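Asks: Just so it is clear, I am handing over coords23.txt, which has compact mmCIF, N, CA and C atoms.
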# COMPACT_ATOMS: atom_id res chain seq x y z
N VAL E 23 -8.54 -14.57 -0.98
CA VAL E 23 -7.84 -15.61 -0.27
C VAL E 23 -6.43 -15.69 -0.82
N ALA E 24 -5.46 -15.83 0.07
CA ALA E 24 -4.07 -15.98 -0.36
C ALA E 24 -3.37 -16.98 0.54
N ARG E 25 -2.49 -17.72 -0.08
CA ARG E 25 -1.60 -18.63 0.64
C ARG E 25 -0.19 -18.41 0.10
N ARG E 26 0.77 -18.32 1.02
CA ARG E 26 2.15 -18.04 0.62
C ARG E 26 2.61 -19.04 -0.44
N GLY E 27 3.07 -18.49 -1.55
CA GLY E 27 3.59 -19.31 -2.64
C GLY E 27 2.53 -19.91 -3.54
N GLU E 28 1.25 -19.65 -3.26
CA GLU E 28 0.16 -20.24 -4.05
C GLU E 28 -0.70 -19.21 -4.76
N GLY E 29 -0.35 -17.93 -4.67
CA GLY E 29 -1.13 -16.90 -5.33
C GLY E 29 -2.29 -16.43 -4.49
N ALA E 30 -3.15 -15.63 -5.10
CA ALA E 30 -4.29 -15.05 -4.41
C ALA E 30 -5.50 -15.10 -5.33
N THR E 31 -6.68 -15.23 -4.73
CA THR E 31 -7.92 -15.30 -5.50
C THR E 31 -8.97 -14.39 -4.89
N LEU E 32 -9.95 -14.04 -5.70
CA LEU E 32 -11.13 -13.30 -5.28
C LEU E 32 -12.33 -14.04 -5.84
N ASN E 33 -13.19 -14.54 -4.99
CA ASN E 33 -14.34 -15.33 -5.40
C ASN E 33 -13.92 -16.50 -6.30
N GLY E 34 -12.78 -17.10 -5.96
CA GLY E 34 -12.30 -18.26 -6.69
C GLY E 34 -11.53 -17.96 -7.96
N GLU E 35 -11.47 -16.70 -8.37
CA GLU E 35 -10.75 -16.30 -9.58
C GLU E 35 -9.39 -15.72 -9.19
N PRO E 36 -8.34 -16.09 -9.91
CA PRO E 36 -7.01 -15.58 -9.58
C PRO E 36 -6.93 -14.06 -9.66
N LEU E 37 -6.27 -13.46 -8.67
CA LEU E 37 -5.96 -12.03 -8.71
C LEU E 37 -4.67 -11.83 -9.49
N GLY E 38 -4.48 -10.66 -10.00
CA GLY E 38 -3.24 -10.32 -10.68
C GLY E 38 -3.38 -10.04 -12.15
N ALA E 39 -4.53 -10.40 -12.73
CA ALA E 39 -4.73 -10.13 -14.16
C ALA E 39 -4.81 -8.62 -14.42
N VAL E 40 -5.44 -7.88 -13.50
CA VAL E 40 -5.52 -6.42 -13.60
C VAL E 40 -4.40 -5.87 -12.74
N ARG E 41 -3.44 -5.23 -13.38
CA ARG E 41 -2.26 -4.74 -12.68
C ARG E 41 -2.39 -3.25 -12.38
N PRO E 42 -1.78 -2.80 -11.29
CA PRO E 42 -1.73 -1.36 -11.02
C PRO E 42 -1.00 -0.64 -12.14
N LYS E 43 -1.41 0.58 -12.38
CA LYS E 43 -0.82 1.36 -13.47
C LYS E 43 0.50 2.01 -13.05
N ASP E 44 1.36 2.16 -14.02
CA ASP E 44 2.61 2.88 -13.87
C ASP E 44 2.75 3.75 -15.11
N PRO E 45 2.53 5.05 -15.04
CA PRO E 45 2.43 5.87 -13.85
C PRO E 45 1.11 5.69 -13.10
N ILE E 46 1.11 6.15 -11.87
CA ILE E 46 -0.02 5.97 -10.95
C ILE E 46 -1.19 6.85 -11.36
N GLU E 47 -2.35 6.22 -11.53
CA GLU E 47 -3.57 6.99 -11.75
C GLU E 47 -4.28 7.23 -10.43
N ILE E 48 -4.56 6.17 -9.66
CA ILE E 48 -5.29 6.30 -8.40
C ILE E 48 -4.38 5.90 -7.24
N LEU E 49 -4.15 6.84 -6.34
CA LEU E 49 -3.33 6.62 -5.15
C LEU E 49 -4.24 6.64 -3.92
N SER E 50 -4.07 5.67 -3.06
CA SER E 50 -4.85 5.61 -1.82
C SER E 50 -3.97 6.03 -0.64
N PHE E 51 -4.36 7.10 0.05
CA PHE E 51 -3.71 7.51 1.30
C PHE E 51 -4.46 6.85 2.44
N GLU E 52 -3.76 6.35 3.45
CA GLU E 52 -4.43 5.73 4.60
C GLU E 52 -3.74 6.08 5.91
N GLY E 53 -4.45 5.77 7.01
CA GLY E 53 -3.95 6.08 8.33
C GLY E 53 -3.84 7.58 8.51
N THR E 54 -4.81 8.28 8.01
CA THR E 54 -4.65 9.73 7.87
C THR E 54 -5.69 10.54 8.64
N THR E 55 -5.34 11.78 8.84
CA THR E 55 -6.28 12.81 9.28
C THR E 55 -6.32 13.84 8.16
N THR E 56 -7.24 14.73 8.23
CA THR E 56 -7.34 15.79 7.23
C THR E 56 -6.03 16.57 7.13
N GLN E 57 -5.41 16.82 8.27
CA GLN E 57 -4.14 17.55 8.28
C GLN E 57 -3.06 16.80 7.53
N PHE E 58 -2.92 15.47 7.77
CA PHE E 58 -1.92 14.69 7.04
C PHE E 58 -2.19 14.74 5.54
N ILE E 59 -3.44 14.62 5.15
CA ILE E 59 -3.78 14.64 3.73
C ILE E 59 -3.40 15.99 3.12
N ALA E 60 -3.80 17.07 3.79
CA ALA E 60 -3.51 18.41 3.29
C ALA E 60 -2.01 18.64 3.16
N GLU E 61 -1.23 18.14 4.12
CA GLU E 61 0.22 18.34 4.10
C GLU E 61 0.90 17.57 2.98
N LYS E 62 0.38 16.40 2.62
CA LYS E 62 1.06 15.51 1.68
C LYS E 62 0.44 15.48 0.28
N ALA E 63 -0.80 15.89 0.13
CA ALA E 63 -1.48 15.77 -1.16
C ALA E 63 -0.78 16.56 -2.26
N ALA E 64 -0.34 17.76 -1.96
CA ALA E 64 0.30 18.59 -2.99
C ALA E 64 1.55 17.93 -3.55
N ALA E 65 2.25 17.16 -2.74
CA ALA E 65 3.46 16.48 -3.19
C ALA E 65 3.16 15.40 -4.24
N MET E 66 1.91 14.99 -4.34
CA MET E 66 1.52 13.93 -5.27
C MET E 66 1.16 14.45 -6.65
N VAL E 67 1.07 15.77 -6.81
CA VAL E 67 0.79 16.34 -8.12
C VAL E 67 1.94 15.96 -9.05
N GLY E 68 1.58 15.38 -10.19
CA GLY E 68 2.58 14.92 -11.13
C GLY E 68 3.00 13.47 -10.91
N ILE E 69 2.66 12.91 -9.76
CA ILE E 69 2.98 11.51 -9.46
C ILE E 69 1.72 10.65 -9.58
N ALA E 70 0.61 11.15 -9.06
CA ALA E 70 -0.67 10.43 -9.11
C ALA E 70 -1.75 11.36 -9.64
N ARG E 71 -2.61 10.82 -10.46
CA ARG E 71 -3.66 11.65 -11.06
C ARG E 71 -4.82 11.90 -10.10
N ARG E 72 -5.20 10.85 -9.34
CA ARG E 72 -6.31 10.98 -8.40
C ARG E 72 -5.91 10.43 -7.04
N LEU E 73 -6.57 10.91 -6.01
CA LEU E 73 -6.29 10.52 -4.63
C LEU E 73 -7.57 9.99 -3.99
N ARG E 74 -7.43 8.87 -3.26
CA ARG E 74 -8.57 8.29 -2.53
C ARG E 74 -8.17 8.06 -1.09
N VAL E 75 -9.14 8.15 -0.19
CA VAL E 75 -8.97 7.80 1.21
C VAL E 75 -10.13 6.90 1.58
N MET E 76 -9.85 5.60 1.73
CA MET E 76 -10.91 4.63 2.02
C MET E 76 -11.15 4.45 3.51
N GLY E 77 -10.15 4.78 4.32
CA GLY E 77 -10.35 4.66 5.76
C GLY E 77 -9.87 3.35 6.35
N SER E 78 -9.22 2.50 5.57
CA SER E 78 -8.71 1.24 6.07
C SER E 78 -7.48 0.85 5.26
N LEU E 79 -6.34 0.77 5.92
CA LEU E 79 -5.11 0.40 5.23
C LEU E 79 -5.22 -1.00 4.65
N ALA E 80 -5.75 -1.93 5.42
CA ALA E 80 -5.90 -3.30 4.93
C ALA E 80 -6.80 -3.36 3.70
N LEU E 81 -7.90 -2.63 3.72
CA LEU E 81 -8.81 -2.61 2.58
C LEU E 81 -8.13 -1.98 1.36
N SER E 82 -7.39 -0.92 1.57
CA SER E 82 -6.68 -0.29 0.45
C SER E 82 -5.68 -1.25 -0.18
N LEU E 83 -4.98 -2.02 0.64
CA LEU E 83 -4.03 -3.01 0.10
C LEU E 83 -4.76 -4.10 -0.68
N CYS E 84 -5.93 -4.49 -0.21
CA CYS E 84 -6.73 -5.47 -0.96
C CYS E 84 -7.15 -4.90 -2.31
N HIS E 85 -7.52 -3.63 -2.34
CA HIS E 85 -7.88 -2.98 -3.61
C HIS E 85 -6.66 -2.90 -4.54
N LEU E 86 -5.48 -2.70 -3.99
CA LEU E 86 -4.26 -2.69 -4.80
C LEU E 86 -4.05 -4.07 -5.42
N ALA E 87 -4.17 -5.11 -4.62
CA ALA E 87 -3.98 -6.48 -5.12
C ALA E 87 -4.97 -6.82 -6.23
N ALA E 88 -6.17 -6.25 -6.14
CA ALA E 88 -7.20 -6.50 -7.14
C ALA E 88 -7.10 -5.56 -8.34
N GLY E 89 -6.15 -4.62 -8.32
CA GLY E 89 -5.97 -3.70 -9.44
C GLY E 89 -6.96 -2.56 -9.47
N ARG E 90 -7.59 -2.27 -8.33
CA ARG E 90 -8.59 -1.19 -8.27
C ARG E 90 -7.98 0.16 -7.94
N VAL E 91 -6.82 0.16 -7.29
CA VAL E 91 -6.02 1.37 -7.10
C VAL E 91 -4.62 1.02 -7.56
N ASP E 92 -3.79 2.03 -7.77
CA ASP E 92 -2.48 1.82 -8.35
C ASP E 92 -1.33 1.93 -7.35
N ALA E 93 -1.60 2.48 -6.18
CA ALA E 93 -0.59 2.57 -5.13
C ALA E 93 -1.28 2.89 -3.81
N VAL E 94 -0.59 2.56 -2.72
CA VAL E 94 -1.11 2.81 -1.38
C VAL E 94 0.01 3.42 -0.55
N CYS E 95 -0.32 4.47 0.20
CA CYS E 95 0.64 5.09 1.12
C CYS E 95 -0.02 5.24 2.48
N SER E 96 0.65 4.75 3.50
CA SER E 96 0.21 4.96 4.87
C SER E 96 0.96 6.16 5.40
N LEU E 97 0.23 7.21 5.74
CA LEU E 97 0.87 8.43 6.23
C LEU E 97 1.09 8.39 7.74
N LYS E 98 0.46 7.46 8.40
CA LYS E 98 0.58 7.27 9.85
C LYS E 98 1.17 5.87 10.06
N PRO E 99 2.10 5.71 10.98
CA PRO E 99 2.67 4.39 11.22
C PRO E 99 1.61 3.35 11.56
N ALA E 100 1.73 2.19 10.95
CA ALA E 100 0.80 1.08 11.17
C ALA E 100 1.55 -0.11 11.75
N ARG E 101 0.82 -0.98 12.41
CA ARG E 101 1.41 -2.21 12.94
C ARG E 101 1.33 -3.29 11.87
N SER E 102 2.37 -4.09 11.76
CA SER E 102 2.38 -5.16 10.76
C SER E 102 1.23 -6.13 10.97
N ILE E 103 0.84 -6.35 12.21
CA ILE E 103 -0.24 -7.29 12.49
C ILE E 103 -1.57 -6.80 11.91
N ASP E 104 -1.73 -5.49 11.77
CA ASP E 104 -2.98 -4.93 11.24
C ASP E 104 -3.14 -5.14 9.74
N ILE E 105 -2.04 -5.44 9.07
CA ILE E 105 -2.10 -5.62 7.61
C ILE E 105 -1.57 -6.98 7.18
N ALA E 106 -1.43 -7.90 8.11
CA ALA E 106 -0.80 -9.19 7.81
C ALA E 106 -1.48 -9.91 6.65
N ALA E 107 -2.79 -10.02 6.68
CA ALA E 107 -3.49 -10.74 5.61
C ALA E 107 -3.45 -9.97 4.30
N ALA E 108 -3.68 -8.66 4.36
CA ALA E 108 -3.71 -7.85 3.14
C ALA E 108 -2.35 -7.81 2.46
N GLN E 109 -1.27 -7.74 3.23
CA GLN E 109 0.06 -7.70 2.60
C GLN E 109 0.36 -9.00 1.89
N LEU E 110 -0.19 -10.11 2.38
CA LEU E 110 0.03 -11.38 1.70
C LEU E 110 -0.63 -11.37 0.32
N LEU E 111 -1.82 -10.80 0.22
CA LEU E 111 -2.48 -10.66 -1.09
C LEU E 111 -1.59 -9.85 -2.03
N VAL E 112 -1.10 -8.72 -1.56
CA VAL E 112 -0.26 -7.84 -2.38
C VAL E 112 0.99 -8.57 -2.85
N ARG E 113 1.66 -9.26 -1.95
CA ARG E 113 2.90 -9.95 -2.30
C ARG E 113 2.64 -11.15 -3.21
N GLU E 114 1.52 -11.85 -3.01
CA GLU E 114 1.23 -13.03 -3.83
C GLU E 114 0.89 -12.68 -5.27
N VAL E 115 0.46 -11.45 -5.53
CA VAL E 115 0.22 -11.05 -6.93
C VAL E 115 1.45 -10.34 -7.51
N GLY E 116 2.54 -10.34 -6.77
CA GLY E 116 3.81 -9.83 -7.28
C GLY E 116 4.01 -8.34 -7.23
N LEU E 117 3.31 -7.66 -6.33
CA LEU E 117 3.48 -6.22 -6.21
C LEU E 117 4.51 -5.89 -5.14
N ALA E 118 4.98 -4.66 -5.15
CA ALA E 118 6.03 -4.22 -4.23
C ALA E 118 5.43 -3.52 -3.02
N MET E 119 6.12 -3.68 -1.89
CA MET E 119 5.70 -3.03 -0.65
C MET E 119 6.95 -2.77 0.17
N GLU E 120 6.99 -1.59 0.82
CA GLU E 120 8.15 -1.29 1.66
C GLU E 120 7.73 -0.43 2.84
N LEU E 121 8.48 -0.58 3.93
CA LEU E 121 8.28 0.22 5.13
C LEU E 121 9.17 1.46 5.06
N PHE E 122 8.65 2.61 5.53
CA PHE E 122 9.45 3.84 5.55
C PHE E 122 10.52 3.76 6.63
N GLU E 123 10.08 3.52 7.87
CA GLU E 123 10.97 3.65 9.00
C GLU E 123 11.81 2.42 9.30
N ASP E 124 11.38 1.26 8.84
CA ASP E 124 12.06 0.04 9.27
C ASP E 124 12.10 -1.01 8.17
N PRO E 125 12.72 -0.69 7.01
CA PRO E 125 12.81 -1.68 5.95
C PRO E 125 13.77 -2.80 6.34
N PRO E 126 13.77 -3.92 5.70
CA PRO E 126 12.85 -4.32 4.64
C PRO E 126 11.55 -4.90 5.20
N PHE E 127 10.51 -4.85 4.39
CA PHE E 127 9.21 -5.32 4.83
C PHE E 127 9.24 -6.78 5.26
N GLY E 128 9.98 -7.60 4.53
CA GLY E 128 10.04 -9.03 4.83
C GLY E 128 10.62 -9.36 6.19
N ALA E 129 11.32 -8.42 6.82
CA ALA E 129 11.91 -8.65 8.14
C ALA E 129 11.07 -8.05 9.27
N ALA E 130 9.94 -7.44 8.94
CA ALA E 130 9.10 -6.80 9.96
C ALA E 130 8.58 -7.84 10.94
N LEU E 131 8.57 -7.47 12.20
CA LEU E 131 8.03 -8.35 13.23
C LEU E 131 6.51 -8.34 13.17
N LEU E 132 5.91 -9.49 13.35
CA LEU E 132 4.45 -9.59 13.39
C LEU E 132 4.04 -9.48 14.85
N ASP E 133 3.96 -8.23 15.32
CA ASP E 133 3.64 -8.00 16.73
C ASP E 133 2.83 -6.71 16.89
N LEU E 134 2.56 -6.35 18.13
CA LEU E 134 1.76 -5.17 18.42
C LEU E 134 2.61 -3.92 18.62
N GLY E 135 3.93 -4.07 18.75
CA GLY E 135 4.76 -2.94 19.10
C GLY E 135 5.33 -2.16 17.94
N GLN E 136 5.94 -2.81 16.98
CA GLN E 136 6.60 -2.14 15.87
C GLN E 136 5.58 -1.43 14.98
N ARG E 137 5.89 -0.20 14.60
CA ARG E 137 5.02 0.57 13.72
C ARG E 137 5.87 1.26 12.66
N SER E 138 5.30 1.36 11.46
CA SER E 138 5.99 2.04 10.38
C SER E 138 4.98 2.47 9.33
N ARG E 139 5.30 3.56 8.64
CA ARG E 139 4.52 3.91 7.46
C ARG E 139 4.93 2.97 6.35
N LEU E 140 4.06 2.79 5.35
CA LEU E 140 4.40 1.91 4.25
C LEU E 140 3.92 2.48 2.93
N VAL E 141 4.55 1.99 1.87
CA VAL E 141 4.13 2.28 0.51
C VAL E 141 4.02 0.95 -0.21
N ALA E 142 3.07 0.88 -1.12
CA ALA E 142 2.90 -0.32 -1.95
C ALA E 142 2.49 0.14 -3.34
N ALA E 143 3.04 -0.51 -4.36
CA ALA E 143 2.76 -0.13 -5.74
C ALA E 143 3.18 -1.27 -6.67
N ALA E 144 3.11 -1.01 -7.96
CA ALA E 144 3.42 -2.04 -8.95
C ALA E 144 4.88 -2.47 -8.91
N THR E 145 5.79 -1.54 -8.60
CA THR E 145 7.22 -1.85 -8.67
C THR E 145 7.97 -1.25 -7.48
N PRO E 146 9.12 -1.80 -7.16
CA PRO E 146 9.96 -1.19 -6.12
C PRO E 146 10.36 0.25 -6.45
N VAL E 147 10.55 0.54 -7.73
CA VAL E 147 10.92 1.89 -8.14
C VAL E 147 9.82 2.88 -7.77
N LEU E 148 8.56 2.52 -8.03
CA LEU E 148 7.45 3.40 -7.64
C LEU E 148 7.37 3.54 -6.13
N CYS E 149 7.59 2.46 -5.39
CA CYS E 149 7.59 2.53 -3.92
C CYS E 149 8.67 3.50 -3.44
N ASP E 150 9.86 3.40 -4.02
CA ASP E 150 10.95 4.29 -3.63
C ASP E 150 10.60 5.75 -3.91
N GLU E 151 9.99 6.00 -5.07
CA GLU E 151 9.62 7.37 -5.42
C GLU E 151 8.59 7.93 -4.44
N LEU E 152 7.57 7.13 -4.13
CA LEU E 152 6.54 7.58 -3.18
C LEU E 152 7.14 7.84 -1.81
N ALA E 153 7.98 6.94 -1.33
CA ALA E 153 8.60 7.11 -0.01
C ALA E 153 9.48 8.36 0.02
N ARG E 154 10.20 8.60 -1.06
CA ARG E 154 11.07 9.78 -1.13
C ARG E 154 10.25 11.06 -1.08
N VAL E 155 9.18 11.11 -1.86
CA VAL E 155 8.36 12.31 -1.93
C VAL E 155 7.63 12.56 -0.61
N LEU E 156 7.17 11.51 0.04
CA LEU E 156 6.43 11.67 1.30
C LEU E 156 7.35 11.90 2.47
N GLY E 157 8.65 11.57 2.29
CA GLY E 157 9.67 11.82 3.32
C GLY E 157 9.30 11.23 4.61
Please lay out the structure from this file as C-alpha cells.
Replies:
Amino acid sequence: VARRGEGATLNGEPLGAVRPKDPIEILSFEGTTTQFIAEKAAAMVGIARRLRVMGSLALSLCHLAAGRVDAVCSLKPARSIDIAAAQLLVREVGLAMELFEDPPFGAALLDLGQRSRLVAAATPVLCDELARVLG
C-alpha cells in the first residue's frame, strides 16, 4: 500500500528497509520476448550479476520497492496507466525511475496512449547507466 507523501507498506510494515543493491545483483527485464532478451542480455554483463523475467512490469516494480530485485528495465514501451500503482510504491521508498523515450517520469500522462520504456533502480545514476546501455 502506498499513498503519495506517506510512504509505502507491505502487510502493514514499512517498505524501504531493504534497499536495492548498487552495483546491481538482480536485474528484472520486462515487457519482453525471447528476442528482446537475447538482444539485450549480453549488454548487462558487468552491470548486473543475475537476470530475471517475471512477466509483469508492475510486479517487478513492486519487487524493486520491496528490495527483492535491484533494478527493473522495460524493453518494450509500456503505458503509464499500467504501472501507476507500482510506480508510486517505488517513488515512495525513494528509488529512481525514468522513461527512455519521454522523460521526465513525473510529467508522464496517465492515459492509454503514451508509451515508453522505463528503468528503475536505487539511484538516478544507475537508471542513466541502464538506459544508456540499453539504448
Asks: From the set E:Gln136, E:Ser78, E:Thr145, E:Gln109, which residue has the shortest atom-to-atom contact distance to Asp44 (chain E), counting only C-alpha atoms?
Replies: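 The closest residue to Asp44 (chain E) is E:Thr145.
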Asks: Residues around (-2.0, -6.0, -1.4), cut-off 7 Å, counting only C-alpha atoms - what are they as a list of chain:residue names?
Replies: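 Final list of nearby residues, as requested, is E:Leu83, E:Cys84, E:His85, E:Leu86, E:Ala87, E:Ala108, E:Gln109, E:Leu110, E:Leu111, E:Val112, E:Arg113.
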Asks: Could you turn the residues from that selection into a file that holds N, CA and C atoms, as a PDB file, in the coordinates of the input?
Replies:
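Saved result, selection.pdb, follows:
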ATOM      1  N   LEU E  83      -4.980  -2.020   0.640  1.00  0.00           N
ATOM      2  CA  LEU E  83      -4.030  -3.010   0.100  1.00  0.00           C
ATOM      3  C   LEU E  83      -4.760  -4.100  -0.680  1.00  0.00           C
ATOM      4  N   CYS E  84      -5.930  -4.490  -0.210  1.00  0.00           N
ATOM      5  CA  CYS E  84      -6.730  -5.470  -0.960  1.00  0.00           C
ATOM      6  C   CYS E  84      -7.150  -4.900  -2.310  1.00  0.00           C
ATOM      7  N   HIS E  85      -7.520  -3.630  -2.340  1.00  0.00           N
ATOM      8  CA  HIS E  85      -7.880  -2.980  -3.610  1.00  0.00           C
ATOM      9  C   HIS E  85      -6.660  -2.900  -4.540  1.00  0.00           C
ATOM     10  N   LEU E  86      -5.480  -2.700  -3.990  1.00  0.00           N
ATOM     11  CA  LEU E  86      -4.260  -2.690  -4.800  1.00  0.00           C
ATOM     12  C   LEU E  86      -4.050  -4.070  -5.420  1.00  0.00           C
ATOM     13  N   ALA E  87      -4.170  -5.110  -4.620  1.00  0.00           N
ATOM     14  CA  ALA E  87      -3.980  -6.480  -5.120  1.00  0.00           C
ATOM     15  C   ALA E  87      -4.970  -6.820  -6.230  1.00  0.00           C
ATOM     16  N   ALA E 108      -3.680  -8.660   4.360  1.00  0.00           N
ATOM     17  CA  ALA E 108      -3.710  -7.850   3.140  1.00  0.00           C
ATOM     18  C   ALA E 108      -2.350  -7.810   2.460  1.00  0.00           C
ATOM     19  N   GLN E 109      -1.270  -7.740   3.230  1.00  0.00           N
ATOM     20  CA  GLN E 109       0.060  -7.700   2.600  1.00  0.00           C
ATOM     21  C   GLN E 109       0.360  -9.000   1.890  1.00  0.00           C
ATOM     22  N   LEU E 110      -0.190 -10.110   2.380  1.00  0.00           N
ATOM     23  CA  LEU E 110       0.030 -11.380   1.700  1.00  0.00           C
ATOM     24  C   LEU E 110      -0.630 -11.370   0.320  1.00  0.00           C
ATOM     25  N   LEU E 111      -1.820 -10.800   0.220  1.00  0.00           N
ATOM     26  CA  LEU E 111      -2.480 -10.660  -1.090  1.00  0.00           C
ATOM     27  C   LEU E 111      -1.590  -9.850  -2.030  1.00  0.00           C
ATOM     28  N   VAL E 112      -1.100  -8.720  -1.560  1.00  0.00           N
ATOM     29  CA  VAL E 112      -0.260  -7.840  -2.380  1.00  0.00           C
ATOM     30  C   VAL E 112       0.990  -8.570  -2.850  1.00  0.00           C
ATOM     31  N   ARG E 113       1.660  -9.260  -1.950  1.00  0.00           N
ATOM     32  CA  ARG E 113       2.900  -9.950  -2.300  1.00  0.00           C
ATOM     33  C   ARG E 113       2.640 -11.150  -3.210  1.00  0.00           C
TER      34      ARG E 113
END
Asks: Counting all atoms listed in the file, which of E:Leu32, E:Leu81, E:Leu49, E:Ala143 gets nearest to Leu117 (chain E)?
Replies: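 Using all atoms listed in the file, Leu117 (chain E) sits closest to E:Ala143.
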Asks: Based on DSSP run over this structure's backbone, return all residues of chain E in strand (DSSP E or B), as a ChimeraX atom specification.
Replies: /E:24-25,29-32,35-36,46-52,70-74,93-96,100-101,118-121,137-138,140-143
Asks: Find, counting all atoms listed in the file, the residue in E:Val155, E:Val94, E:Ala88, E:Leu134 that gets nearest to Val40 (chain E).
Replies: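 When distances to Val40 (chain E) are compared using all atoms listed in the file, the smallest one comes from E:Ala88.
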Asks: Report as a PyMOL selection string all protein, DNA and RNA residues lying within 8 Å of Ile69 (chain E), evaluated on all atoms listed in the file, omitting residues in the same chain fewer than 4 positions from it.
Replies: chain E and resi 45-49+65
Asks: Grab the atom C of Glu52 (chain E) to atom N of Pro146 (chain E) distance for me, in Å with one decimal place.
Replies: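 We find that atom C of Glu52 (chain E) and atom N of Pro146 (chain E) lie 20.0 Å from each other.
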Asks: Go ahead and find all residues with at least one atom no further than 7 Å from (6.4, 3.1, 2.9) in the file's coordinates, using only N, CA and C atoms; report them as a list in words.
Replies: Cys95, Ser96, Met119, Glu120, Leu121, Phe122, Glu123, Ser138, Arg139, Leu140, Val141, Ala142, Cys149, Leu152 and Ala153 of chain E
Asks: Find the residue from E:Ala39, E:Ala107, E:Val147, E:Ala30 that sits nearest to Gly89 (chain E); use all atoms listed in the file when measuring.
Replies: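 Among the listed residues, E:Ala39 lies closest to Gly89 (chain E).
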Asks: To one decimal place in Å, what is the distance between CA of Gly77 (chain E) and CA of Gly53 (chain E)?
Replies: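 CA of Gly53 (chain E) lies at a distance of 7.0 Å from CA of Gly77 (chain E).
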Asks: Find the residue from E:Ser50, E:Lys62, E:Gln57, E:Ala100 that sits nearest to Met76 (chain E); use only C-alpha atoms when measuring.
Replies: E:Ser50
